[in-house]
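Okay, structure first, notes after.
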Amino acid sequence: MATTTKVLLVGATGETGRSIANGLLEAGGFEVFAFTRPASAKKPQLVDLEKKGVITRQCDLEASPAELAEALKDIDIVVSSVGPSDQLSQLKLATAAKVAGVKRFIPCAFITVCAPGGIMWLRDEKEKVFNHVKQLKLPYTIIDVGWWYQIATPRLTSGKIDYAMTTANDELIEEGKTPSAFVDLRDIGKWVARIIVDPRTENKMVFSYNTVMSPAEIFDTVEKLSGEKVDRKNVPKEVVMERVTSGRASSETYPFDATKFTPRIAAEYQLSWGLRGDNVPEYAKYLGYLDAQELYPDFKPISFEEYTKELLGGTAVGVYTDRISRIY
Ligand SMILES: NC(=O)c1ccc[n+]([C@@H]2O[C@H](COP(=O)([O-])OP(=O)(O)OC[C@H]3O[C@@H](n4cnc5c(N)ncnc54)[C@H](OP(=O)(O)O)[C@@H]3O)[C@@H](O)[C@H]2O)c1
């Protein structure tokens with residue numbers, strides 16, 4: 001008799017979480033549960049997932065150990081994809097998962113590759129959770145990903161792709177020459193469906209990405225396929241470093257204040273993948289990651305050209321459309 005793997009998704013209503021839910025449902029062999037706080041029980045994103053067969057377990061990451069245990073009952077694998085401000089909320093969940101006998105815990109990584117220890121605040125928040133999981137001796141997999149196509153494309157001055165843009169995204173760090181790994185957000189869940197049940201990835205880090213390109217090549221591709229010129233704003237190294245310094249200086253307080261931390265997070269991404277060139281498969285390997293493209297050579301990821309054609313054809317889907325007002 002076929003058995004299904006019971007997966008509890010924390011953050012299922014979010015951008016990464018919805019990709020993971022869809023990836024698991026498409027792959028088959030999974031029973032998918034959404035760990036959702038009661039206030040979000042009627043969110044359209046959750047209702048859509050429920051229609052596809054996802055089962056909601058109402059709970060909050062701040063709930064008591066008994067309530068967390070109830071949410072984790074009979075769960076084989078936990079996958080978390082919470083937003084930047086909620087990383088440390090996973091600590092109690094990991095402790096409860098250990099008690100509940102969860103077989104594998106996927107803490108919220110899903111970020112670009114960067115060594116821990118002072119380069120990116122967001123990376124270091126995540127590493128605190130990874131360390132806790134390891135101290136619990138809870139089986140785990142850390143899955144990092146490329147920079148999403150959906151936030152990598154530049155705006156066209158004609159406004160043709162505005163429907164799927166969150167920002168103008170017209171900056172290139174040091175002319176955009178530093179290669180970086182990119183992923184289609186929709187493929188993240190497909191990678192995850194393979195990785196979480198693969199014995200080779202237990203207690204390992206895996207880097208999942210679709211392609212490696214320089215940001216300038218991303219802009220070139222959009223220009224070539226659209227026939228339009230993209231407005232490129234060069235950002236020299238000194239400007240990135242000023243942004244990092246001022247972002248860090250104004251974000252020394254906790255609890256999380258998005259207005260103080262968002263500029264820091266954005267500047268530190270630019271430092272890591274834009275200047276240092278951290279977000280590439282070679283560096284990921286150096287840090288000890290397995291490469292998803294090598295683990296699953298039959299996987300056919302969506303290429304950046306394919307995504308751009310969808311975008312130009314008017315059928316792409318923007319991200320954070322429920323909460324971000326356009327800023328261009
Ligand atoms: N590689 C890239 O290009 C890239 C881009 C963006 C983000 N990321 C990474 O992806 C990760 C996920 O980000 P995202 O933008 O996909 O997330 P998101 O859309 O902001 O969604 C966050 C999710 O966490 C849930 N959540 C937060 N606090 C919770 C709590 N106390 N109890 C239960 N659920 C809670 C939210 O539920 P509600 O519905 O209740 O709010 C929501 O489902 C981030 O940590 C970030 O590092 C990577």
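Identifiers for the structure tokens are assigned positionally: chains receive A, B, ... in sequence, residues are indexed from 1 per chain, and ligands are indexed from 1 in the order shown.
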Would you pick out the contacts of range 137-146 of chain A at 9 Å or less, using only C-alpha atoms, so that residues sharing its chain but fewer than 3 positions from it are not included, and give the list as a PyMOL selection string? chain A and resi 94-95+97-98+101-113+130+132-134+149+180-184+188+192+195-196+201-212+279-280+289
Residues up to 7 Å from ligand 1, counting only C-alpha atoms and all ligand atoms: could you list those as a short mmCIF file (atom, residue, chain, number, x, y, z; two decimals) with all heavy atoms, in the first residue's frame?
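Done, and the output landed in part.cif:
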data_model
loop_
_atom_site.label_atom_id
_atom_site.label_comp_id
_atom_site.auth_asym_id
_atom_site.auth_seq_id
_atom_site.Cartn_x
_atom_site.Cartn_y
_atom_site.Cartn_z
N VAL A 10 4.84 25.79 7.47
CA VAL A 10 4.69 27.01 8.27
C VAL A 10 5.01 28.16 7.32
O VAL A 10 6.12 28.24 6.79
CB VAL A 10 5.66 27.00 9.47
CG1 VAL A 10 5.43 28.23 10.33
CG2 VAL A 10 5.50 25.72 10.27
N GLY A 11 4.02 29.03 7.10
CA GLY A 11 4.23 30.11 6.12
C GLY A 11 3.59 29.77 4.79
O GLY A 11 3.94 30.35 3.76
N ALA A 12 2.63 28.84 4.80
CA ALA A 12 2.02 28.37 3.54
C ALA A 12 1.32 29.49 2.77
O ALA A 12 1.20 29.42 1.55
CB ALA A 12 1.02 27.25 3.83
N THR A 13 0.87 30.53 3.46
CA THR A 13 0.17 31.62 2.76
C THR A 13 1.14 32.60 2.10
O THR A 13 0.73 33.47 1.35
CB THR A 13 -0.73 32.42 3.73
OG1 THR A 13 0.10 32.90 4.79
CG2 THR A 13 -1.85 31.57 4.29
N GLY A 14 2.42 32.48 2.40
CA GLY A 14 3.41 33.42 1.88
C GLY A 14 3.86 33.06 0.48
O GLY A 14 3.40 32.09 -0.13
N GLU A 15 4.77 33.86 -0.06
CA GLU A 15 5.25 33.66 -1.44
C GLU A 15 5.98 32.32 -1.58
O GLU A 15 5.65 31.51 -2.44
CB GLU A 15 6.17 34.82 -1.85
CG GLU A 15 5.49 36.17 -1.91
CD GLU A 15 4.42 36.27 -2.98
OE1 GLU A 15 4.41 35.44 -3.90
OE2 GLU A 15 3.57 37.18 -2.89
N THR A 16 6.98 32.09 -0.74
CA THR A 16 7.73 30.84 -0.82
C THR A 16 6.83 29.67 -0.42
O THR A 16 6.86 28.59 -1.04
CB THR A 16 8.96 30.90 0.12
OG1 THR A 16 9.71 32.08 -0.18
CG2 THR A 16 9.85 29.68 -0.04
N GLY A 17 6.02 29.89 0.62
CA GLY A 17 5.17 28.81 1.15
C GLY A 17 4.18 28.30 0.11
O GLY A 17 3.95 27.10 -0.01
N PHE A 35 0.21 25.17 8.70
CA PHE A 35 0.23 25.70 10.07
C PHE A 35 -0.08 27.20 9.91
O PHE A 35 0.74 27.96 9.40
CB PHE A 35 1.62 25.48 10.63
CG PHE A 35 1.90 26.01 12.01
CD1 PHE A 35 2.02 25.15 13.10
CD2 PHE A 35 2.08 27.38 12.22
CE1 PHE A 35 2.32 25.63 14.35
CE2 PHE A 35 2.37 27.86 13.49
CZ PHE A 35 2.50 27.00 14.55
N THR A 36 -1.28 27.59 10.33
CA THR A 36 -1.72 28.96 10.03
C THR A 36 -2.28 29.63 11.28
O THR A 36 -3.08 29.02 12.00
CB THR A 36 -2.85 28.92 8.97
OG1 THR A 36 -2.38 28.13 7.87
CG2 THR A 36 -3.20 30.30 8.48
N ARG A 37 -1.88 30.88 11.50
CA ARG A 37 -2.42 31.55 12.69
C ARG A 37 -3.90 31.87 12.45
O ARG A 37 -4.28 32.18 11.30
CB ARG A 37 -1.62 32.77 13.06
CG ARG A 37 -1.11 33.61 11.94
CD ARG A 37 -0.14 34.65 12.45
NE ARG A 37 0.55 35.27 11.34
CZ ARG A 37 1.55 36.11 11.46
NH1 ARG A 37 1.97 36.43 12.67
NH2 ARG A 37 2.13 36.64 10.41
N ALA A 39 -5.78 34.32 12.79
CA ALA A 39 -6.12 35.58 12.11
C ALA A 39 -6.02 35.46 10.60
O ALA A 39 -6.60 36.27 9.87
CB ALA A 39 -5.19 36.70 12.61
N SER A 40 -5.28 34.47 10.10
CA SER A 40 -5.10 34.32 8.65
C SER A 40 -5.97 33.22 8.06
O SER A 40 -5.83 32.88 6.88
CB SER A 40 -3.62 34.01 8.35
OG SER A 40 -2.81 35.04 8.86
N CYS A 59 -2.73 27.39 14.39
CA CYS A 59 -1.81 27.53 15.52
C CYS A 59 -0.95 28.76 15.25
O CYS A 59 -0.93 29.29 14.14
CB CYS A 59 -0.92 26.28 15.64
SG CYS A 59 -0.12 26.14 17.25
N ASP A 60 -0.25 29.22 16.26
CA ASP A 60 0.65 30.37 16.13
C ASP A 60 2.02 29.94 16.60
O ASP A 60 2.12 29.12 17.53
CB ASP A 60 0.11 31.53 16.98
CG ASP A 60 0.81 32.84 16.63
OD1 ASP A 60 2.03 32.94 16.90
OD2 ASP A 60 0.15 33.73 16.09
N LEU A 61 3.05 30.47 15.99
CA LEU A 61 4.41 30.11 16.43
C LEU A 61 4.65 30.52 17.88
O LEU A 61 5.54 29.97 18.54
CB LEU A 61 5.45 30.77 15.51
CG LEU A 61 5.53 30.16 14.11
CD1 LEU A 61 6.34 31.06 13.18
CD2 LEU A 61 6.14 28.76 14.16
N GLU A 62 3.87 31.46 18.38
CA GLU A 62 4.02 31.89 19.78
C GLU A 62 3.15 31.06 20.73
O GLU A 62 3.07 31.36 21.91
CB GLU A 62 3.65 33.38 19.92
CG GLU A 62 4.42 34.33 19.01
CD GLU A 62 5.94 34.21 19.16
OE1 GLU A 62 6.40 33.87 20.27
OE2 GLU A 62 6.65 34.41 18.16
N SER A 81 8.79 28.59 6.07
CA SER A 81 9.20 29.67 5.15
C SER A 81 8.61 30.98 5.66
O SER A 81 7.84 31.63 4.98
CB SER A 81 8.75 29.38 3.72
OG SER A 81 7.34 29.23 3.68
N VAL A 82 8.99 31.33 6.89
CA VAL A 82 8.46 32.56 7.49
C VAL A 82 9.28 33.77 7.02
O VAL A 82 10.42 33.63 6.57
CB VAL A 82 8.43 32.46 9.04
CG1 VAL A 82 7.37 31.47 9.48
CG2 VAL A 82 9.78 32.11 9.61
N GLY A 83 8.70 34.93 7.17
CA GLY A 83 9.35 36.15 6.67
C GLY A 83 10.51 36.59 7.57
O GLY A 83 10.73 36.02 8.65
N PRO A 84 11.26 37.61 7.13
CA PRO A 84 12.47 38.03 7.83
C PRO A 84 12.28 38.33 9.32
O PRO A 84 13.15 38.02 10.12
CB PRO A 84 12.88 39.31 7.08
CG PRO A 84 12.31 39.13 5.72
CD PRO A 84 11.05 38.35 5.88
N ASP A 86 10.34 36.98 11.46
CA ASP A 86 9.81 35.89 12.29
C ASP A 86 10.76 34.72 12.46
O ASP A 86 10.37 33.64 12.89
CB ASP A 86 8.49 35.37 11.67
CG ASP A 86 7.48 36.48 11.54
OD1 ASP A 86 7.19 37.12 12.56
OD2 ASP A 86 7.03 36.73 10.41
N GLN A 87 12.02 34.91 12.09
CA GLN A 87 12.95 33.77 12.09
C GLN A 87 13.06 33.12 13.46
O GLN A 87 12.98 31.91 13.60
CB GLN A 87 14.33 34.22 11.59
CG GLN A 87 14.33 34.74 10.16
CD GLN A 87 13.85 33.71 9.15
OE1 GLN A 87 14.33 32.58 9.15
NE2 GLN A 87 12.92 34.08 8.31
N SER A 89 11.04 33.01 15.83
CA SER A 89 9.81 32.35 16.28
C SER A 89 9.85 30.85 16.00
O SER A 89 9.01 30.10 16.48
CB SER A 89 8.59 32.91 15.55
OG SER A 89 8.58 34.28 15.59
N CYS A 108 13.56 27.74 8.04
CA CYS A 108 13.46 28.73 6.95
C CYS A 108 14.84 29.23 6.56
O CYS A 108 15.42 30.08 7.23
CB CYS A 108 12.57 29.89 7.36
SG CYS A 108 12.45 31.09 6.05
N ALA A 109 15.33 28.67 5.44
CA ALA A 109 16.53 29.24 4.79
C ALA A 109 15.99 29.99 3.57
O ALA A 109 15.60 31.14 3.69
CB ALA A 109 17.52 28.15 4.44
N PHE A 110 15.93 29.30 2.40
CA PHE A 110 15.32 29.88 1.20
C PHE A 110 15.84 31.28 0.88
O PHE A 110 15.12 32.15 0.42
CB PHE A 110 13.77 29.87 1.32
CG PHE A 110 13.22 28.49 1.55
CD1 PHE A 110 12.63 28.13 2.76
CD2 PHE A 110 13.35 27.53 0.56
CE1 PHE A 110 12.17 26.84 2.97
CE2 PHE A 110 12.88 26.24 0.76
CZ PHE A 110 12.29 25.90 1.98
N ILE A 111 17.12 31.45 1.18
CA ILE A 111 17.76 32.75 0.96
C ILE A 111 18.98 32.50 0.07
O ILE A 111 19.36 31.34 -0.18
CB ILE A 111 18.14 33.37 2.33
CG1 ILE A 111 18.61 34.82 2.21
CG2 ILE A 111 19.16 32.53 3.06
CD1 ILE A 111 18.91 35.47 3.56
N THR A 112 19.61 33.59 -0.40
CA THR A 112 20.79 33.44 -1.24
C THR A 112 21.98 32.99 -0.38
O THR A 112 22.00 33.18 0.84
CB THR A 112 21.10 34.77 -1.94
OG1 THR A 112 21.12 35.81 -0.96
CG2 THR A 112 20.06 35.09 -2.99
N LEU A 122 20.08 38.97 8.10
CA LEU A 122 19.03 37.97 7.89
C LEU A 122 19.60 36.56 7.87
O LEU A 122 19.03 35.63 8.44
CB LEU A 122 18.28 38.30 6.59
CG LEU A 122 17.09 37.41 6.23
CD1 LEU A 122 16.11 37.27 7.40
CD2 LEU A 122 16.38 37.95 5.00
N VAL A 145 18.34 29.11 -1.97
CA VAL A 145 17.83 29.26 -3.34
C VAL A 145 18.47 30.47 -4.00
O VAL A 145 19.04 31.33 -3.33
CB VAL A 145 16.29 29.44 -3.35
CG1 VAL A 145 15.58 28.21 -2.79
CG2 VAL A 145 15.86 30.69 -2.59
N GLY A 146 18.32 30.53 -5.31
CA GLY A 146 18.79 31.71 -6.03
C GLY A 146 17.88 32.91 -5.78
O GLY A 146 16.86 32.80 -5.09
N TRP A 147 18.27 34.05 -6.34
CA TRP A 147 17.46 35.27 -6.28
C TRP A 147 16.28 35.06 -7.22
O TRP A 147 16.47 34.61 -8.35
CB TRP A 147 18.33 36.45 -6.71
CG TRP A 147 17.79 37.82 -6.50
CD1 TRP A 147 17.47 38.73 -7.47
CD2 TRP A 147 17.57 38.48 -5.25
NE1 TRP A 147 17.05 39.90 -6.89
CE2 TRP A 147 17.09 39.77 -5.53
CE3 TRP A 147 17.71 38.09 -3.91
CZ2 TRP A 147 16.75 40.69 -4.54
CZ3 TRP A 147 17.38 39.00 -2.92
CH2 TRP A 147 16.90 40.28 -3.23
N TRP A 148 15.07 35.37 -6.76
CA TRP A 148 13.88 35.09 -7.57
C TRP A 148 13.90 35.89 -8.89
O TRP A 148 14.16 37.10 -8.88
CB TRP A 148 12.60 35.51 -6.85
CG TRP A 148 12.34 34.88 -5.53
CD1 TRP A 148 12.95 33.80 -4.97
CD2 TRP A 148 11.35 35.32 -4.58
NE1 TRP A 148 12.40 33.53 -3.73
CE2 TRP A 148 11.42 34.46 -3.47
CE3 TRP A 148 10.42 36.35 -4.57
CZ2 TRP A 148 10.59 34.60 -2.35
CZ3 TRP A 148 9.60 36.50 -3.46
CH2 TRP A 148 9.67 35.63 -2.37
N ILE A 151 11.79 39.10 -8.86
CA ILE A 151 12.23 40.40 -8.35
C ILE A 151 13.54 40.83 -9.02
O ILE A 151 14.17 41.81 -8.62
CB ILE A 151 12.38 40.41 -6.80
CG1 ILE A 151 13.24 39.24 -6.30
CG2 ILE A 151 11.02 40.41 -6.12
CD1 ILE A 151 13.52 39.28 -4.80
N TYR A 320 4.11 39.67 -3.77
CA TYR A 320 3.72 40.62 -2.70
C TYR A 320 2.63 41.58 -3.15
O TYR A 320 2.54 42.69 -2.65
CB TYR A 320 4.94 41.41 -2.20
CG TYR A 320 6.09 40.55 -1.71
CD1 TYR A 320 7.37 40.68 -2.23
CD2 TYR A 320 5.88 39.60 -0.71
CE1 TYR A 320 8.42 39.88 -1.78
CE2 TYR A 320 6.92 38.79 -0.25
CZ TYR A 320 8.19 38.94 -0.79
OH TYR A 320 9.21 38.15 -0.33
#
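Across the model, the gap from CA of Ile218 in chain A to CA of Lys309 in chain A is 12.8 Å.
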Which of range 65-262 of chain A end up as helix (DSSP H, G or I) when DSSP is run on this backbone - answer as a ChimeraX atom specification? /A:65-71,84-100,121-136,149-151,162-164,174-176,185-195,199-201,215-226,237-249,258-262
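Near Arg248 in chain A, within 12 Å and counting only C-alpha atoms, sit Gly118, Ile119, Met120, Trp121, Leu122, Met241, Glu242, Arg243, Val244, Thr245, Ser246, Ser250, Ser251, Glu252, Thr253, Lys260, Phe261, Thr262, Pro263, Arg264, Ile265, Ala266, Ala267 and Glu268 of chain A; same-chain residues fewer than 2 positions away were not included.
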Selection export as an mmCIF file, in the first residue's frame, atoms kept: N, CA and C atoms:
data_model
loop_
_atom_site.group_PDB
_atom_site.id
_atom_site.type_symbol
_atom_site.label_atom_id
_atom_site.label_comp_id
_atom_site.auth_asym_id
_atom_site.auth_seq_id
_atom_site.Cartn_x
_atom_site.Cartn_y
_atom_site.Cartn_z
ATOM 1 N N GLY A 118 28.132 38.066 10.211
ATOM 2 C CA GLY A 118 28.331 39.511 10.112
ATOM 3 C C GLY A 118 28.195 40.128 8.741
ATOM 4 N N ILE A 119 27.912 39.328 7.724
ATOM 5 C CA ILE A 119 27.717 39.938 6.390
ATOM 6 C C ILE A 119 26.247 40.317 6.207
ATOM 7 N N MET A 120 25.369 39.341 6.493
ATOM 8 C CA MET A 120 23.929 39.592 6.340
ATOM 9 C C MET A 120 23.222 39.294 7.655
ATOM 10 N N TRP A 121 22.556 40.302 8.196
ATOM 11 C CA TRP A 121 21.780 40.114 9.440
ATOM 12 C C TRP A 121 20.759 38.984 9.269
ATOM 13 N N LEU A 122 20.082 38.968 8.098
ATOM 14 C CA LEU A 122 19.026 37.973 7.891
ATOM 15 C C LEU A 122 19.602 36.560 7.873
ATOM 16 N N MET A 241 28.407 50.342 0.033
ATOM 17 C CA MET A 241 29.000 50.322 1.380
ATOM 18 C C MET A 241 28.382 51.394 2.281
ATOM 19 N N GLU A 242 28.065 52.562 1.697
ATOM 20 C CA GLU A 242 27.378 53.603 2.496
ATOM 21 C C GLU A 242 26.006 53.107 2.933
ATOM 22 N N ARG A 243 25.294 52.436 2.025
ATOM 23 C CA ARG A 243 23.963 51.909 2.360
ATOM 24 C C ARG A 243 24.068 50.872 3.485
ATOM 25 N N VAL A 244 25.094 50.008 3.387
ATOM 26 C CA VAL A 244 25.282 48.976 4.414
ATOM 27 C C VAL A 244 25.555 49.648 5.761
ATOM 28 N N THR A 245 26.456 50.628 5.758
ATOM 29 C CA THR A 245 26.834 51.283 7.014
ATOM 30 C C THR A 245 25.635 51.999 7.623
ATOM 31 N N SER A 246 24.901 52.747 6.820
ATOM 32 C CA SER A 246 23.775 53.485 7.402
ATOM 33 C C SER A 246 22.638 52.537 7.763
ATOM 34 N N SER A 250 21.161 52.183 11.716
ATOM 35 C CA SER A 250 19.778 52.513 12.106
ATOM 36 C C SER A 250 18.948 51.276 12.414
ATOM 37 N N SER A 251 19.578 50.114 12.542
ATOM 38 C CA SER A 251 18.778 48.905 12.769
ATOM 39 C C SER A 251 19.278 48.102 13.963
ATOM 40 N N GLU A 252 19.829 48.788 14.943
ATOM 41 C CA GLU A 252 20.396 48.069 16.088
ATOM 42 C C GLU A 252 19.348 47.681 17.128
ATOM 43 N N THR A 253 18.093 48.039 16.903
ATOM 44 C CA THR A 253 17.067 47.748 17.907
ATOM 45 C C THR A 253 16.266 46.506 17.561
ATOM 46 N N LYS A 260 13.195 50.205 9.806
ATOM 47 C CA LYS A 260 14.630 50.279 10.097
ATOM 48 C C LYS A 260 15.405 49.127 9.465
ATOM 49 N N PHE A 261 14.774 47.943 9.433
ATOM 50 C CA PHE A 261 15.532 46.772 8.980
ATOM 51 C C PHE A 261 15.506 46.566 7.470
ATOM 52 N N THR A 262 14.425 46.988 6.803
ATOM 53 C CA THR A 262 14.341 46.704 5.366
ATOM 54 C C THR A 262 15.504 47.318 4.586
ATOM 55 N N PRO A 263 15.885 48.575 4.847
ATOM 56 C CA PRO A 263 17.051 49.114 4.110
ATOM 57 C C PRO A 263 18.323 48.321 4.391
ATOM 58 N N ARG A 264 18.461 47.830 5.630
ATOM 59 C CA ARG A 264 19.649 47.029 5.949
ATOM 60 C C ARG A 264 19.636 45.705 5.187
ATOM 61 N N ILE A 265 18.475 45.040 5.191
ATOM 62 C CA ILE A 265 18.390 43.757 4.493
ATOM 63 C C ILE A 265 18.716 43.946 3.010
ATOM 64 N N ALA A 266 18.129 44.987 2.407
ATOM 65 C CA ALA A 266 18.349 45.231 0.968
ATOM 66 C C ALA A 266 19.825 45.539 0.697
ATOM 67 N N ALA A 267 20.441 46.363 1.543
ATOM 68 C CA ALA A 267 21.848 46.738 1.327
ATOM 69 C C ALA A 267 22.767 45.529 1.504
ATOM 70 N N GLU A 268 22.452 44.684 2.486
ATOM 71 C CA GLU A 268 23.325 43.523 2.726
ATOM 72 C C GLU A 268 23.186 42.465 1.615
#
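Put simply, CA of Leu275 in chain A is 7.1 Å away from CA of Ile173 in chain A.
With only C-alpha atoms taken into account, the protein and nucleic acid residues at most 9 Å from Met165 in chain A (excluding it and anything under 2 positions from it in its own chain) are Gln150, Ile151, Thr153, Pro154, Arg155, Ile161, Asp162, Tyr163, Thr167, Ala168, Asn169, Val317, Gly318, Val319, Thr321 and Arg326 of chain A.
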For CA of Ser80 in chain A and CA of Met213 in chain A, quote the distance in Å rounded to one decimal. 27.9 Å
Hey, could you make a per-residue contact list for range 161-186 of chain A against range 225-237 of chain A with 9 Å as the cut-off, showing the nearest pair of atoms and its distance in Å to one decimal, counting only C-alpha atoms, sorted by chain and number, as JSON lines?
{"residue": "A:Asp170", "atom": "CA", "partner": "A:Arg232", "partner_atom": "CA", "distance": 5.3}
{"residue": "A:Glu171", "atom": "CA", "partner": "A:Lys233", "partner_atom": "CA", "distance": 4.7}
{"residue": "A:Leu172", "atom": "CA", "partner": "A:Asn234", "partner_atom": "CA", "distance": 5.0}
{"residue": "A:Ile173", "atom": "CA", "partner": "A:Val235", "partner_atom": "CA", "distance": 4.7}
{"residue": "A:Glu174", "atom": "CA", "partner": "A:Pro236", "partner_atom": "CA", "distance": 5.0}
{"residue": "A:Glu175", "atom": "CA", "partner": "A:Asn234", "partner_atom": "CA", "distance": 5.5}
{"residue": "A:Gly176", "atom": "CA", "partner": "A:Asn234", "partner_atom": "CA", "distance": 7.9}
Give the strand (DSSP E or B) residues of range 164-307 of chain A, as assigned by DSSP on the backbone, as a list in words. Glu171, Leu172, Ile173, Ser180, Ala181, Phe182, Val183, Lys204, Met205, Val206, Phe207, Ser208, Thr211, Val212, Met213, Lys233, Asn234, Val235, Tyr289, Leu290 and Asp291 of chain A
Limited to N, CA, C and O atoms, could you put the picked residues into a file as an mmCIF file, in the first residue's frame?
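Heads up, here's the output in out_15.cif:
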data_model
loop_
_atom_site.group_PDB
_atom_site.id
_atom_site.type_symbol
_atom_site.label_atom_id
_atom_site.label_comp_id
_atom_site.auth_asym_id
_atom_site.auth_seq_id
_atom_site.Cartn_x
_atom_site.Cartn_y
_atom_site.Cartn_z
ATOM 1 N N GLU A 171 18.537 49.268 -10.771
ATOM 2 C CA GLU A 171 19.936 49.440 -10.337
ATOM 3 C C GLU A 171 20.804 48.253 -10.739
ATOM 4 O O GLU A 171 20.373 47.100 -10.668
ATOM 5 N N LEU A 172 22.031 48.553 -11.117
ATOM 6 C CA LEU A 172 23.030 47.509 -11.352
ATOM 7 C C LEU A 172 24.240 47.840 -10.470
ATOM 8 O O LEU A 172 24.800 48.935 -10.569
ATOM 9 N N ILE A 173 24.629 46.905 -9.621
ATOM 10 C CA ILE A 173 25.779 47.119 -8.750
ATOM 11 C C ILE A 173 27.053 46.958 -9.593
ATOM 12 O O ILE A 173 27.237 45.914 -10.240
ATOM 13 N N SER A 180 25.441 35.646 -10.457
ATOM 14 C CA SER A 180 24.644 35.247 -9.295
ATOM 15 C C SER A 180 23.668 34.163 -9.742
ATOM 16 O O SER A 180 23.311 34.094 -10.917
ATOM 17 N N ALA A 181 23.227 33.339 -8.796
ATOM 18 C CA ALA A 181 22.257 32.293 -9.129
ATOM 19 C C ALA A 181 20.850 32.863 -9.023
ATOM 20 O O ALA A 181 20.565 33.662 -8.129
ATOM 21 N N PHE A 182 19.995 32.443 -9.948
ATOM 22 C CA PHE A 182 18.603 32.898 -9.971
ATOM 23 C C PHE A 182 17.685 31.674 -10.014
ATOM 24 O O PHE A 182 18.082 30.605 -10.481
ATOM 25 N N VAL A 183 16.455 31.883 -9.524
ATOM 26 C CA VAL A 183 15.474 30.801 -9.519
ATOM 27 C C VAL A 183 14.111 31.383 -9.851
ATOM 28 O O VAL A 183 13.847 32.551 -9.539
ATOM 29 N N LYS A 204 22.022 17.951 5.644
ATOM 30 C CA LYS A 204 22.882 18.623 4.662
ATOM 31 C C LYS A 204 22.273 19.973 4.263
ATOM 32 O O LYS A 204 21.100 20.233 4.492
ATOM 33 N N MET A 205 23.090 20.789 3.616
ATOM 34 C CA MET A 205 22.618 22.029 3.006
ATOM 35 C C MET A 205 22.542 21.782 1.501
ATOM 36 O O MET A 205 23.431 21.135 0.941
ATOM 37 N N VAL A 206 21.486 22.286 0.876
ATOM 38 C CA VAL A 206 21.306 22.100 -0.564
ATOM 39 C C VAL A 206 21.077 23.476 -1.202
ATOM 40 O O VAL A 206 20.312 24.286 -0.678
ATOM 41 N N PHE A 207 21.726 23.712 -2.332
ATOM 42 C CA PHE A 207 21.540 24.964 -3.061
ATOM 43 C C PHE A 207 20.705 24.681 -4.306
ATOM 44 O O PHE A 207 21.104 23.894 -5.166
ATOM 45 N N SER A 208 19.521 25.301 -4.383
ATOM 46 C CA SER A 208 18.589 25.085 -5.490
ATOM 47 C C SER A 208 18.480 26.362 -6.305
ATOM 48 O O SER A 208 18.097 27.397 -5.761
ATOM 49 N N THR A 211 19.498 29.004 -12.764
ATOM 50 C CA THR A 211 20.512 29.451 -13.722
ATOM 51 C C THR A 211 21.480 30.395 -13.025
ATOM 52 O O THR A 211 21.173 30.915 -11.947
ATOM 53 N N VAL A 212 22.648 30.584 -13.630
ATOM 54 C CA VAL A 212 23.606 31.579 -13.126
ATOM 55 C C VAL A 212 23.812 32.603 -14.239
ATOM 56 O O VAL A 212 24.149 32.248 -15.374
ATOM 57 N N MET A 213 23.571 33.864 -13.903
ATOM 58 C CA MET A 213 23.727 34.957 -14.877
ATOM 59 C C MET A 213 24.223 36.175 -14.113
ATOM 60 O O MET A 213 24.059 36.251 -12.891
ATOM 61 N N LYS A 233 20.636 52.130 -13.868
ATOM 62 C CA LYS A 233 21.295 53.053 -12.936
ATOM 63 C C LYS A 233 22.480 52.327 -12.309
ATOM 64 O O LYS A 233 22.292 51.366 -11.547
ATOM 65 N N ASN A 234 23.687 52.782 -12.617
ATOM 66 C CA ASN A 234 24.861 52.120 -12.044
ATOM 67 C C ASN A 234 25.031 52.535 -10.586
ATOM 68 O O ASN A 234 24.936 53.708 -10.237
ATOM 69 N N VAL A 235 25.283 51.543 -9.702
ATOM 70 C CA VAL A 235 25.520 51.826 -8.288
ATOM 71 C C VAL A 235 26.940 51.375 -7.956
ATOM 72 O O VAL A 235 27.233 50.175 -7.943
ATOM 73 N N TYR A 289 27.586 23.009 0.620
ATOM 74 C CA TYR A 289 26.261 22.701 0.066
ATOM 75 C C TYR A 289 26.340 21.588 -0.971
ATOM 76 O O TYR A 289 27.322 21.500 -1.733
ATOM 77 N N LEU A 290 25.257 20.796 -1.067
ATOM 78 C CA LEU A 290 25.025 19.945 -2.226
ATOM 79 C C LEU A 290 24.356 20.810 -3.283
ATOM 80 O O LEU A 290 23.651 21.774 -2.954
ATOM 81 N N ASP A 291 24.563 20.460 -4.548
ATOM 82 C CA ASP A 291 24.011 21.243 -5.649
ATOM 83 C C ASP A 291 22.769 20.507 -6.188
ATOM 84 O O ASP A 291 22.874 19.373 -6.661
#
